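Next comes model-v7.tsv, a file with TSV, C-alpha atoms.
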chain	number	residue	atom	x	y	z
A	1	MET	CA	1.96	12.46	2.69
A	2	TYR	CA	4.21	15.37	3.63
A	3	ASN	CA	1.41	17.98	3.49
A	4	TRP	CA	3.65	20.30	1.49
A	5	ILE	CA	0.65	21.63	-0.41
A	6	ASN	CA	-3.10	21.93	-0.15
A	7	ALA	CA	-4.21	20.21	-3.35
A	8	GLU	CA	-7.41	22.27	-3.36
A	9	ASP	CA	-5.25	25.19	-4.49
A	10	TYR	CA	-4.08	23.41	-7.66
A	11	THR	CA	-5.49	21.86	-10.82
A	12	MET	CA	-4.36	19.24	-13.33
A	13	ASP	CA	-3.02	22.09	-15.45
A	14	THR	CA	0.04	21.65	-13.23
A	15	LEU	CA	1.01	18.72	-15.47
A	16	LEU	CA	1.57	21.19	-18.31
A	17	TYR	CA	4.72	22.32	-16.48
A	18	PHE	CA	6.22	18.85	-16.15
A	19	ASP	CA	9.16	17.50	-18.13
A	20	GLN	CA	8.93	14.18	-19.94
A	21	TRP	CA	10.73	12.25	-17.21
A	22	VAL	CA	8.13	13.35	-14.62
A	23	LEU	CA	5.21	12.37	-16.87
A	24	ASP	CA	6.86	9.02	-17.56
A	25	TYR	CA	6.73	8.42	-13.82
A	26	LEU	CA	3.20	9.70	-13.24
A	27	LEU	CA	1.56	7.82	-16.11
A	28	LYS	CA	2.08	4.33	-14.77
A	29	ASP	CA	0.94	2.23	-11.82
A	30	GLN	CA	2.27	3.37	-8.44
A	31	ALA	CA	3.41	0.57	-6.16
A	32	GLY	CA	2.66	2.48	-2.98
A	33	PHE	CA	-0.76	3.78	-3.97
A	34	ASP	CA	-3.74	2.58	-1.92
A	35	GLY	CA	-6.43	1.94	-4.53
A	36	ASP	CA	-6.86	1.81	-8.28
A	37	TYR	CA	-4.32	4.33	-9.56
A	38	GLN	CA	-5.22	4.04	-13.23
A	39	GLU	CA	-8.87	4.74	-12.49
A	40	LEU	CA	-7.90	7.76	-10.38
A	41	LEU	CA	-5.72	9.11	-13.19
A	42	GLY	CA	-8.52	8.85	-15.73
A	43	ARG	CA	-11.01	10.58	-13.48
A	44	ALA	CA	-8.52	13.32	-12.58
A	45	LEU	CA	-7.86	14.06	-16.26
A	46	SER	CA	-11.47	13.69	-17.40
A	47	ARG	CA	-12.12	17.45	-17.38
A	48	TYR	CA	-8.73	18.32	-18.90
A	49	PRO	CA	-8.52	17.08	-22.51
A	50	HIS	CA	-5.79	19.62	-23.28
A	51	VAL	CA	-3.66	18.19	-20.47
A	52	ALA	CA	-4.24	14.67	-21.77
A	53	ASP	CA	-3.10	15.85	-25.21
A	54	TYR	CA	0.06	17.31	-23.66
A	55	CYS	CA	0.76	14.01	-21.92
A	56	ARG	CA	0.32	12.08	-25.17
A	57	HIS	CA	2.78	14.38	-26.89
A	58	MET	CA	5.37	14.55	-24.13
A	59	ALA	CA	5.24	10.93	-22.94
A	60	PRO	CA	4.35	8.81	-26.00
A	61	GLU	CA	5.56	5.61	-24.34
A	62	ARG	CA	2.81	6.03	-21.73
A	63	LYS	CA	0.05	6.66	-24.27
A	64	ASP	CA	-1.54	3.21	-23.96
A	65	TYR	CA	-1.71	3.50	-20.18
A	66	LEU	CA	-3.23	6.97	-20.49
A	67	GLU	CA	-5.85	5.86	-23.00
A	68	ALA	CA	-6.80	2.91	-20.80
A	69	ALA	CA	-7.18	5.28	-17.85
A	70	LEU	CA	-9.45	7.63	-19.79
A	71	SER	CA	-11.52	4.73	-21.12
A	72	ARG	CA	-12.42	3.80	-17.56
A	73	VAL	CA	-14.07	7.12	-16.75
A	74	PRO	CA	-17.80	6.55	-16.13
A	75	SER	CA	-20.06	8.48	-18.47
A	76	ASP	CA	-22.03	9.78	-15.50
A	77	LEU	CA	-19.01	10.98	-13.51
A	78	SER	CA	-20.02	14.19	-11.76
A	79	ASP	CA	-17.93	17.34	-11.62
A	80	GLN	CA	-17.61	16.87	-7.87
A	81	GLU	CA	-16.32	13.31	-8.29
A	82	ALA	CA	-13.85	14.47	-10.95
A	83	ARG	CA	-12.60	17.23	-8.68
A	84	GLN	CA	-12.19	14.81	-5.80
A	85	ALA	CA	-10.07	12.56	-8.00
A	86	GLU	CA	-8.06	15.55	-9.18
A	87	THR	CA	-7.21	16.74	-5.67
A	88	ARG	CA	-6.37	13.21	-4.50
A	89	PHE	CA	-4.04	12.72	-7.47
A	90	LEU	CA	-2.28	16.04	-6.88
A	91	GLN	CA	-1.96	15.52	-3.12
A	92	TYR	CA	-0.48	12.07	-3.71
A	93	HIS	CA	2.10	13.62	-6.04
A	94	GLU	CA	2.75	16.74	-3.97
A	95	THR	CA	6.52	16.28	-4.19
A	96	PHE	CA	6.22	16.74	-7.97
A	97	VAL	CA	3.65	19.54	-7.77
A	98	VAL	CA	6.18	21.76	-6.02
A	99	TYR	CA	8.61	21.20	-8.91
A	100	ALA	CA	6.09	23.01	-11.11
A	101	TRP	CA	5.60	25.84	-8.61
A	102	PRO	CA	9.05	26.84	-7.25
A	103	GLU	CA	7.64	29.59	-5.04
A	104	ALA	CA	5.65	26.92	-3.20
A	105	MET	CA	8.72	24.71	-3.01
A	106	GLU	CA	10.62	27.50	-1.25
A	107	GLN	CA	8.02	27.41	1.54
A	108	VAL	CA	8.47	23.69	2.21
A	109	ASN	CA	10.17	23.15	5.56
A	110	TYR	CA	13.18	21.28	4.18
A	111	ILE	CA	14.15	24.51	2.41
A	112	ALA	CA	12.56	27.19	4.61
A	113	ASP	CA	13.95	25.78	7.89
A	114	TRP	CA	17.41	24.93	6.55
A	115	ASP	CA	20.45	26.94	7.61
A	116	ARG	CA	23.67	27.18	5.62
A	117	ARG	CA	25.68	26.45	8.77
A	118	TRP	CA	24.95	22.77	8.18
A	119	LEU	CA	26.80	23.01	4.87
A	120	ASP	CA	29.66	24.92	6.51
A	121	GLU	CA	29.93	22.10	9.08
A	122	LEU	CA	30.60	19.62	6.30
A	123	ILE	CA	33.08	21.49	4.09
A	124	ASP	CA	34.94	24.74	3.53
A	125	LEU	CA	34.20	25.61	-0.11
A	126	THR	CA	36.54	28.60	-0.31
A	127	GLY	CA	38.10	28.81	-3.77
A	128	MET	CA	36.53	25.56	-4.96
A	129	VAL	CA	34.75	24.72	-8.21
A	130	VAL	CA	31.50	23.14	-7.05
A	131	LEU	CA	28.62	21.17	-8.57
A	132	ASP	CA	25.17	21.05	-6.97
A	133	VAL	CA	23.33	17.96	-8.28
A	134	GLY	CA	19.52	18.12	-8.36
A	135	ALA	CA	19.75	21.74	-7.32
A	136	GLY	CA	16.00	22.38	-7.07
A	137	THR	CA	15.44	26.04	-6.23
A	138	GLY	CA	19.16	26.43	-5.49
A	139	ARG	CA	19.30	25.91	-1.71
A	140	LEU	CA	22.85	24.56	-1.79
A	141	ALA	CA	24.06	26.32	-4.93
A	142	PHE	CA	23.34	29.83	-3.67
A	143	ALA	CA	24.79	29.03	-0.25
A	144	ALA	CA	27.94	27.60	-1.84
A	145	ALA	CA	28.40	30.67	-4.05
A	146	ARG	CA	29.35	32.79	-1.04
A	147	ASP	CA	32.75	31.10	-0.77
A	148	ALA	CA	33.24	28.98	-3.88
A	149	LEU	CA	35.15	30.12	-6.94
A	150	ARG	CA	32.42	28.83	-9.26
A	151	VAL	CA	29.17	26.90	-8.80
A	152	TYR	CA	27.32	24.79	-11.36
A	153	ALA	CA	23.69	23.93	-10.54
A	154	SER	CA	22.48	20.82	-12.36
A	155	GLU	CA	18.69	20.37	-12.36
A	156	PRO	CA	16.45	18.21	-14.63
A	157	CYS	CA	13.26	20.29	-14.13
A	158	TYR	CA	13.05	23.27	-16.46
A	159	ARG	CA	10.73	25.20	-14.13
A	160	LEU	CA	13.33	25.03	-11.38
A	161	ARG	CA	16.15	25.92	-13.76
A	162	ASP	CA	14.19	28.98	-14.89
A	163	TYR	CA	13.53	29.92	-11.26
A	164	MET	CA	17.24	29.81	-10.41
A	165	ARG	CA	18.16	31.80	-13.50
A	166	MET	CA	15.64	34.50	-12.59
A	167	ARG	CA	17.11	34.75	-9.10
A	168	ILE	CA	20.65	34.93	-10.53
A	169	GLU	CA	19.60	37.79	-12.79
A	170	LYS	CA	17.67	39.58	-10.06
A	171	GLU	CA	20.57	39.39	-7.60
A	172	ASN	CA	23.19	40.06	-10.29
A	173	LEU	CA	25.17	36.96	-9.38
A	174	THR	CA	28.11	35.93	-11.51
A	175	LYS	CA	29.40	32.74	-9.89
A	176	ILE	CA	26.49	30.37	-10.63
A	177	LYS	CA	25.71	28.65	-13.90
A	178	VAL	CA	22.50	26.60	-14.25
A	179	LEU	CA	22.16	23.64	-16.61
A	180	ASP	CA	20.24	20.42	-17.23
A	181	GLY	CA	21.40	17.04	-15.96
A	182	PHE	CA	20.46	13.90	-14.00
A	183	VAL	CA	22.44	12.49	-11.11
A	184	THR	CA	23.13	9.34	-13.17
A	185	ASP	CA	24.10	11.27	-16.32
A	186	LEU	CA	25.97	14.47	-15.49
A	187	PRO	CA	27.11	16.59	-18.48
A	188	PHE	CA	30.69	17.06	-17.30
A	189	GLU	CA	34.09	15.52	-17.95
A	190	ASP	CA	35.88	13.32	-15.44
A	191	ASN	CA	37.67	14.98	-12.52
A	192	THR	CA	36.02	18.39	-12.98
A	193	PHE	CA	34.94	19.50	-9.49
A	194	ASP	CA	36.55	20.04	-6.11
A	195	ALA	CA	33.23	19.25	-4.43
A	196	VAL	CA	29.94	17.74	-5.56
A	197	LEU	CA	26.93	18.61	-3.40
A	198	SER	CA	23.46	17.11	-3.27
A	199	GLY	CA	20.46	16.89	-1.01
A	200	HIS	CA	17.48	14.54	-1.29
A	201	VAL	CA	18.90	13.14	-4.53
A	202	VAL	CA	20.86	9.97	-3.76
A	203	GLY	CA	18.80	6.90	-2.90
A	204	ASP	CA	17.10	5.40	-5.95
A	205	ASP	CA	20.27	3.64	-7.17
A	206	TYR	CA	23.12	4.25	-4.73
A	207	ASP	CA	25.86	2.62	-6.78
A	208	ARG	CA	25.07	4.38	-10.08
A	209	GLU	CA	24.43	7.75	-8.45
A	210	ILE	CA	27.55	7.76	-6.28
A	211	GLU	CA	29.67	6.40	-9.12
A	212	GLU	CA	28.57	9.23	-11.42
A	213	MET	CA	29.08	11.89	-8.76
A	214	SER	CA	32.52	10.44	-8.02
A	215	ARG	CA	33.41	10.42	-11.72
A	216	VAL	CA	33.11	14.19	-12.03
A	217	THR	CA	34.90	14.82	-8.70
A	218	LYS	CA	38.64	15.44	-8.69
A	219	PRO	CA	40.87	12.95	-6.84
A	220	GLY	CA	40.95	14.18	-3.26
A	221	GLY	CA	37.71	16.09	-3.79
A	222	TRP	CA	34.54	15.72	-1.77
A	223	LEU	CA	31.07	14.26	-2.18
A	224	VAL	CA	28.71	16.07	0.19
A	225	ILE	CA	25.10	15.15	0.92
A	226	CYS	CA	23.53	18.05	2.81
A	227	ASN	CA	19.85	17.39	3.36
A	228	GLY	CA	17.14	19.89	4.20
A	229	ASP	CA	15.25	20.15	7.46
A	230	ASP	CA	12.01	18.38	8.30
A	231	GLU	CA	9.99	16.88	11.14
A	232	PHE	CA	10.99	13.23	10.75
A	233	LYS	CA	12.77	11.78	13.78
A	234	ARG	CA	15.34	9.48	12.16
A	235	THR	CA	16.88	7.02	14.56
A	236	ALA	CA	20.13	6.29	12.71
A	237	PRO	CA	22.17	7.46	9.72
A	238	ASN	CA	21.65	5.91	6.29
A	239	ALA	CA	23.25	2.46	6.37
A	240	GLU	CA	23.72	2.41	2.59
A	241	LEU	CA	25.85	5.54	2.75
A	242	LEU	CA	27.83	4.36	5.76
A	243	GLN	CA	28.62	1.10	3.97
A	244	ARG	CA	30.04	3.13	1.09
A	245	GLY	CA	32.38	5.06	3.37
A	246	PHE	CA	30.43	8.25	4.04
A	247	GLU	CA	30.89	10.03	7.36
A	248	ALA	CA	27.63	11.07	9.03
A	249	PHE	CA	26.79	14.32	10.84
A	250	ARG	CA	23.66	14.79	12.95
A	251	HIS	CA	21.61	17.82	14.00
A	252	THR	CA	18.12	18.61	15.27
A	253	SER	CA	15.93	20.47	12.80
A	254	PRO	CA	13.88	23.55	13.69
A	255	SER	CA	10.99	21.47	12.30
A	256	GLY	CA	11.59	18.95	15.08
A	257	GLY	CA	13.24	16.18	13.09
A	258	ILE	CA	16.60	14.47	13.36
A	259	ILE	CA	18.70	15.22	10.29
A	260	TYR	CA	21.77	13.35	9.06
A	261	ASN	CA	24.20	14.81	6.54
A	262	TYR	CA	27.15	13.04	4.94
A	263	ARG	CA	30.52	13.54	3.29
A	264	LEU	CA	33.06	11.34	1.55
A	265	GLN	CA	36.50	12.24	0.22
A	266	ARG	CA	37.26	10.66	-3.12
A	267	ASN	CA	40.34	8.47	-3.04
A	268	THR	CA	43.33	9.94	-4.84

Please lay out the structure from this file as structure tokens.
Amino acid sequence: MYNWINAEDYTMDTLLYFDQWVLDYLLKDQAGFDGDYQELLGRALSRYPHVADYCRHMAPERKDYLEAALSRVPSDLSDQEARQAETRFLQYHETFVVYAWPEAMEQVNYIADWDRRWLDELIDLTGMVVLDVGAGTGRLAFAAARDALRVYASEPCYRLRDYMRMRIEKENLTKIKVLDGFVTDLPFEDNTFDAVLSGHVVGDDYDREIEEMSRVTKPGGWLVICNGDDEFKRTAPNAELLQRGFEAFRHTSPSGGIIYNYRLQRNT
């Protein structure tokens, strides 16, 4: 647990703000969960039939799992027991909960404690056309817009896209365009960007993710992984990235952690 949220402040209505791909992940067994996840899911949803209906509609491939979870709810389950299940479920999935509530995400240390100087250390974006992959609330995109010619912020969560668009309108920014897209399926032609940025995105499938980011990067352009700040004291840079040719940069976070960032120039 990262303790990014206090689950007591949230309800299962949070799921109503999730995209299909998030629900597809939530409505299945979790390998790292300590206990009976399906039972927990059913209990957590037991007081939220409208949320269950939303899940059925948005994630039809998970319907059987959902129905099995709800069928396991004891008839004598108390409101207190249901609430306990609800808060445990939400705390376990806190990294998704903040996707639904961008204002809360902005308060998480990896955003709140981050300083744009760590991006400046990696690359000079002056005059470049830049893509921020998995932009979130726009930590990298808005920092890049100071110097870049144009910034595209690709983000698969509609709540976060809306949040960035509201900030763009509020601040009357003209350099940033927000759009949908996954790191493994970016909606751009080959050789489009001078630099492709990301943070806390690469790692589920290194080869596919880096290949797709490289595809949309111009020959001689840069892939930059600029992570946020946290309290974790990493002892070494990511071996998977080093093996693929990335150069590592290290700094100490205001949160107390050891942070590694990375860059790689695409071969011409």

Residue contacts of stretch 164-179 of chain A (9 Å, only C-alpha atoms) excluding same-chain residues fewer than 5 positions away, as a CSV table (one decimal) with C-alpha atoms, in the coordinates of the input:
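Result file follows (part.csv):
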chain,number,residue,atom,x,y,z
A,135,ALA,CA,19.8,21.7,-7.3
A,136,GLY,CA,16.0,22.4,-7.1
A,137,THR,CA,15.4,26.0,-6.2
A,138,GLY,CA,19.2,26.4,-5.5
A,141,ALA,CA,24.1,26.3,-4.9
A,142,PHE,CA,23.3,29.8,-3.7
A,145,ALA,CA,28.4,30.7,-4.0
A,146,ARG,CA,29.4,32.8,-1.0
A,148,ALA,CA,33.2,29.0,-3.9
A,149,LEU,CA,35.2,30.1,-6.9
A,150,ARG,CA,32.4,28.8,-9.3
A,151,VAL,CA,29.2,26.9,-8.8
A,152,TYR,CA,27.3,24.8,-11.4
A,153,ALA,CA,23.7,23.9,-10.5
A,154,SER,CA,22.5,20.8,-12.4
A,155,GLU,CA,18.7,20.4,-12.4
A,156,PRO,CA,16.4,18.2,-14.6
A,159,ARG,CA,10.7,25.2,-14.1
A,187,PRO,CA,27.1,16.6,-18.5

With stretch 122-133 of chain A as the partner and 7 Å as the cut-off, tabulate the residues of stretch 157-257 of chain A that qualify, each row holding the nearest pair of atoms and their distance in Å to one decimal, using all atoms listed in the file, sorted by chain and rising number, as a Markdown table.
| residue | atom | partner | partner_atom | distance |
| --- | --- | --- | --- | --- |
| A:Val183 | CA | A:Val133 | CA | 6.2 |
| A:Phe193 | CA | A:Val129 | CA | 5.4 |
| A:Asp194 | CA | A:Val129 | CA | 5.4 |
| A:Ala195 | CA | A:Val130 | CA | 5.0 |
| A:Val196 | CA | A:Leu131 | CA | 4.8 |
| A:Leu197 | CA | A:Asp132 | CA | 4.7 |
| A:Ser198 | CA | A:Val133 | CA | 5.1 |

Residues near A:Tyr2, anyone? I mean within 9 Å using all atoms listed in the file, not counting same-chain ones fewer than 3 positions away, as a list of chain:residue names.
A:Ile5, A:Glu94, A:Thr95

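The space separating atom CA of A:His93 from atom CA of A:Ile210 comes to 26.1 Å.
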
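Taking atom CA of A:Asn261 as the reference point, atom CA of A:Arg208 is found at 19.6 Å.
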
Could you give me, as JSON lines, a per-residue list for stretch 154-240 of chain A showing, wherever an atom lies at most 9 Å from an atom of stretch 96-102 of chain A, the closest pair of atoms and their distance in Å to one decimal, using all atoms listed in the file and sorting by chain then residue number from low to high?
{"residue": "A:Cys157", "atom": "CA", "partner": "A:Tyr99", "partner_atom": "CA", "distance": 7.0}
{"residue": "A:Tyr158", "atom": "CA", "partner": "A:Ala100", "partner_atom": "CA", "distance": 8.8}
{"residue": "A:Arg159", "atom": "CA", "partner": "A:Ala100", "partner_atom": "CA", "distance": 6.0}
{"residue": "A:Leu160", "atom": "CA", "partner": "A:Pro102", "partner_atom": "CA", "distance": 6.2}
{"residue": "A:Tyr163", "atom": "CA", "partner": "A:Pro102", "partner_atom": "CA", "distance": 6.8}

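Proximity ranking of A:Asp207, A:Gly134, A:Gln243, A:Arg161 relative to A:Leu186 places A:Gly134 first, based on only C-alpha atoms.
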
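Our summary of the geometry notes that atom CA of A:Gly42 is positioned 19.8 Å from atom CA of A:Asp19.
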
Close residues, stretch 65-76 of chain A itself excluded, 9 Å, all atoms listed in the file, min 4 positions apart in chain, as an mmCIF file with C-alpha atoms, in the frame of the given file:
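Result file is part.cif:
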data_model
loop_
_atom_site.group_PDB
_atom_site.id
_atom_site.type_symbol
_atom_site.label_atom_id
_atom_site.label_comp_id
_atom_site.auth_asym_id
_atom_site.auth_seq_id
_atom_site.Cartn_x
_atom_site.Cartn_y
_atom_site.Cartn_z
ATOM 1 C CA LEU A 27 1.560 7.820 -16.110
ATOM 2 C CA LYS A 28 2.080 4.330 -14.770
ATOM 3 C CA ASP A 29 0.940 2.230 -11.820
ATOM 4 C CA TYR A 37 -4.320 4.330 -9.560
ATOM 5 C CA GLN A 38 -5.220 4.040 -13.230
ATOM 6 C CA GLU A 39 -8.870 4.740 -12.490
ATOM 7 C CA LEU A 40 -7.900 7.760 -10.380
ATOM 8 C CA LEU A 41 -5.720 9.110 -13.190
ATOM 9 C CA GLY A 42 -8.520 8.850 -15.730
ATOM 10 C CA ARG A 43 -11.010 10.580 -13.480
ATOM 11 C CA LEU A 45 -7.860 14.060 -16.260
ATOM 12 C CA SER A 46 -11.470 13.690 -17.400
ATOM 13 C CA ALA A 52 -4.240 14.670 -21.770
ATOM 14 C CA CYS A 55 0.760 14.010 -21.920
ATOM 15 C CA ARG A 56 0.320 12.080 -25.170
ATOM 16 C CA GLU A 61 5.560 5.610 -24.340
#

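Nearest residue to A:Lys218, choosing from A:Gln265, A:Gln30, A:Asn238, A:Ser253 and counting only C-alpha atoms: A:Gln265.
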
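Compared by their closest atoms to A:Ala236, and using only C-alpha atoms, the residues A:His50, A:Gly181, A:Tyr260, A:Leu223 rank with A:Tyr260 nearest.
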
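Shortest atom-to-atom contact with A:Arg139 among A:Thr87, A:Asn227, A:Asn191, A:Gln80: A:Asn227, counting all atoms listed in the file.
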
Add whatever atoms are absent from stretch 128-160 of chain A to reach N, CA and C atoms, and provide the output as a PDB file, in the frame of the given file.
ATOM      1  N   MET A 128      36.801  26.816  -4.263  1.00  0.00           N
ATOM      2  CA  MET A 128      36.530  25.560  -4.960  1.00  0.00           C
ATOM      3  C   MET A 128      35.609  25.758  -6.167  1.00  0.00           C
ATOM      4  N   VAL A 129      35.721  24.838  -7.126  1.00  0.00           N
ATOM      5  CA  VAL A 129      34.750  24.720  -8.210  1.00  0.00           C
ATOM      6  C   VAL A 129      33.775  23.626  -7.796  1.00  0.00           C
ATOM      7  N   VAL A 130      32.495  23.983  -7.728  1.00  0.00           N
ATOM      8  CA  VAL A 130      31.500  23.140  -7.050  1.00  0.00           C
ATOM      9  C   VAL A 130      30.351  22.810  -8.006  1.00  0.00           C
ATOM     10  N   LEU A 131      29.834  21.588  -7.868  1.00  0.00           N
ATOM     11  CA  LEU A 131      28.620  21.170  -8.570  1.00  0.00           C
ATOM     12  C   LEU A 131      27.539  20.860  -7.544  1.00  0.00           C
ATOM     13  N   ASP A 132      26.351  21.398  -7.768  1.00  0.00           N
ATOM     14  CA  ASP A 132      25.170  21.050  -6.970  1.00  0.00           C
ATOM     15  C   ASP A 132      24.270  20.188  -7.850  1.00  0.00           C
ATOM     16  N   VAL A 133      24.101  18.927  -7.483  1.00  0.00           N
ATOM     17  CA  VAL A 133      23.330  17.960  -8.280  1.00  0.00           C
ATOM     18  C   VAL A 133      21.876  17.946  -7.801  1.00  0.00           C
ATOM     19  N   GLY A 134      20.927  18.056  -8.744  1.00  0.00           N
ATOM     20  CA  GLY A 134      19.520  18.120  -8.360  1.00  0.00           C
ATOM     21  C   GLY A 134      19.273  19.372  -7.533  1.00  0.00           C
ATOM     22  N   ALA A 135      19.668  20.506  -8.096  1.00  0.00           N
ATOM     23  CA  ALA A 135      19.750  21.740  -7.320  1.00  0.00           C
ATOM     24  C   ALA A 135      18.409  22.278  -6.844  1.00  0.00           C
ATOM     25  N   GLY A 136      17.310  21.889  -7.491  1.00  0.00           N
ATOM     26  CA  GLY A 136      16.000  22.380  -7.070  1.00  0.00           C
ATOM     27  C   GLY A 136      15.883  23.878  -7.248  1.00  0.00           C
ATOM     28  N   THR A 137      15.528  24.579  -6.183  1.00  0.00           N
ATOM     29  CA  THR A 137      15.440  26.040  -6.230  1.00  0.00           C
ATOM     30  C   THR A 137      16.779  26.698  -5.924  1.00  0.00           C
ATOM     31  N   GLY A 138      17.822  25.887  -5.690  1.00  0.00           N
ATOM     32  CA  GLY A 138      19.160  26.430  -5.490  1.00  0.00           C
ATOM     33  C   GLY A 138      19.580  26.565  -4.039  1.00  0.00           C
ATOM     34  N   ARG A 139      18.959  25.825  -3.144  1.00  0.00           N
ATOM     35  CA  ARG A 139      19.300  25.910  -1.710  1.00  0.00           C
ATOM     36  C   ARG A 139      20.805  25.806  -1.483  1.00  0.00           C
ATOM     37  N   LEU A 140      21.422  24.773  -2.006  1.00  0.00           N
ATOM     38  CA  LEU A 140      22.850  24.560  -1.790  1.00  0.00           C
ATOM     39  C   LEU A 140      23.700  25.419  -2.717  1.00  0.00           C
ATOM     40  N   ALA A 141      23.265  25.570  -3.955  1.00  0.00           N
ATOM     41  CA  ALA A 141      24.060  26.320  -4.930  1.00  0.00           C
ATOM     42  C   ALA A 141      24.275  27.763  -4.493  1.00  0.00           C
ATOM     43  N   PHE A 142      23.209  28.429  -4.058  1.00  0.00           N
ATOM     44  CA  PHE A 142      23.340  29.830  -3.670  1.00  0.00           C
ATOM     45  C   PHE A 142      24.121  29.974  -2.369  1.00  0.00           C
ATOM     46  N   ALA A 143      23.985  28.998  -1.476  1.00  0.00           N
ATOM     47  CA  ALA A 143      24.790  29.030  -0.250  1.00  0.00           C
ATOM     48  C   ALA A 143      26.265  28.828  -0.576  1.00  0.00           C
ATOM     49  N   ALA A 144      26.559  27.897  -1.478  1.00  0.00           N
ATOM     50  CA  ALA A 144      27.940  27.600  -1.840  1.00  0.00           C
ATOM     51  C   ALA A 144      28.609  28.790  -2.524  1.00  0.00           C
ATOM     52  N   ALA A 145      27.835  29.574  -3.264  1.00  0.00           N
ATOM     53  CA  ALA A 145      28.400  30.670  -4.050  1.00  0.00           C
ATOM     54  C   ALA A 145      29.033  31.758  -3.190  1.00  0.00           C
ATOM     55  N   ARG A 146      28.733  31.784  -1.913  1.00  0.00           N
ATOM     56  CA  ARG A 146      29.350  32.790  -1.040  1.00  0.00           C
ATOM     57  C   ARG A 146      30.861  32.625  -0.989  1.00  0.00           C
ATOM     58  N   ASP A 147      31.323  31.363  -0.956  1.00  0.00           N
ATOM     59  CA  ASP A 147      32.750  31.100  -0.770  1.00  0.00           C
ATOM     60  C   ASP A 147      33.419  30.453  -1.975  1.00  0.00           C
ATOM     61  N   ALA A 148      32.652  29.733  -2.775  1.00  0.00           N
ATOM     62  CA  ALA A 148      33.240  28.980  -3.880  1.00  0.00           C
ATOM     63  C   ALA A 148      33.744  29.901  -4.980  1.00  0.00           C
ATOM     64  N   LEU A 149      34.664  29.385  -5.777  1.00  0.00           N
ATOM     65  CA  LEU A 149      35.150  30.120  -6.940  1.00  0.00           C
ATOM     66  C   LEU A 149      34.090  30.143  -8.031  1.00  0.00           C
ATOM     67  N   ARG A 150      33.427  28.985  -8.218  1.00  0.00           N
ATOM     68  CA  ARG A 150      32.420  28.830  -9.260  1.00  0.00           C
ATOM     69  C   ARG A 150      31.464  27.723  -8.857  1.00  0.00           C
ATOM     70  N   VAL A 151      30.166  27.905  -9.144  1.00  0.00           N
ATOM     71  CA  VAL A 151      29.170  26.900  -8.800  1.00  0.00           C
ATOM     72  C   VAL A 151      28.344  26.558 -10.035  1.00  0.00           C
ATOM     73  N   TYR A 152      28.192  25.276 -10.299  1.00  0.00           N
ATOM     74  CA  TYR A 152      27.320  24.790 -11.360  1.00  0.00           C
ATOM     75  C   TYR A 152      26.128  24.096 -10.705  1.00  0.00           C
ATOM     76  N   ALA A 153      24.925  24.499 -11.102  1.00  0.00           N
ATOM     77  CA  ALA A 153      23.690  23.930 -10.540  1.00  0.00           C
ATOM     78  C   ALA A 153      23.029  23.073 -11.610  1.00  0.00           C
ATOM     79  N   SER A 154      23.064  21.771 -11.412  1.00  0.00           N
ATOM     80  CA  SER A 154      22.480  20.820 -12.360  1.00  0.00           C
ATOM     81  C   SER A 154      21.087  20.430 -11.882  1.00  0.00           C
ATOM     82  N   GLU A 155      20.077  20.616 -12.747  1.00  0.00           N
ATOM     83  CA  GLU A 155      18.690  20.370 -12.360  1.00  0.00           C
ATOM     84  C   GLU A 155      17.878  19.908 -13.567  1.00  0.00           C
ATOM     85  N   PRO A 156      17.192  18.742 -13.478  1.00  0.00           N
ATOM     86  CA  PRO A 156      16.450  18.210 -14.630  1.00  0.00           C
ATOM     87  C   PRO A 156      15.085  18.842 -14.873  1.00  0.00           C
ATOM     88  N   CYS A 157      14.574  19.659 -13.950  1.00  0.00           N
ATOM     89  CA  CYS A 157      13.260  20.290 -14.130  1.00  0.00           C
ATOM     90  C   CYS A 157      13.422  21.706 -14.669  1.00  0.00           C
ATOM     91  N   TYR A 158      12.838  21.961 -15.839  1.00  0.00           N
ATOM     92  CA  TYR A 158      13.050  23.270 -16.460  1.00  0.00           C
ATOM     93  C   TYR A 158      12.445  24.398 -15.649  1.00  0.00           C
ATOM     94  N   ARG A 159      11.342  24.139 -14.946  1.00  0.00           N
ATOM     95  CA  ARG A 159      10.730  25.200 -14.130  1.00  0.00           C
ATOM     96  C   ARG A 159      11.687  25.641 -13.021  1.00  0.00           C
ATOM     97  N   LEU A 160      12.389  24.687 -12.437  1.00  0.00           N
ATOM     98  CA  LEU A 160      13.330  25.030 -11.380  1.00  0.00           C
ATOM     99  C   LEU A 160      14.580  25.683 -11.945  1.00  0.00           C
TER     100      LEU A 160
END
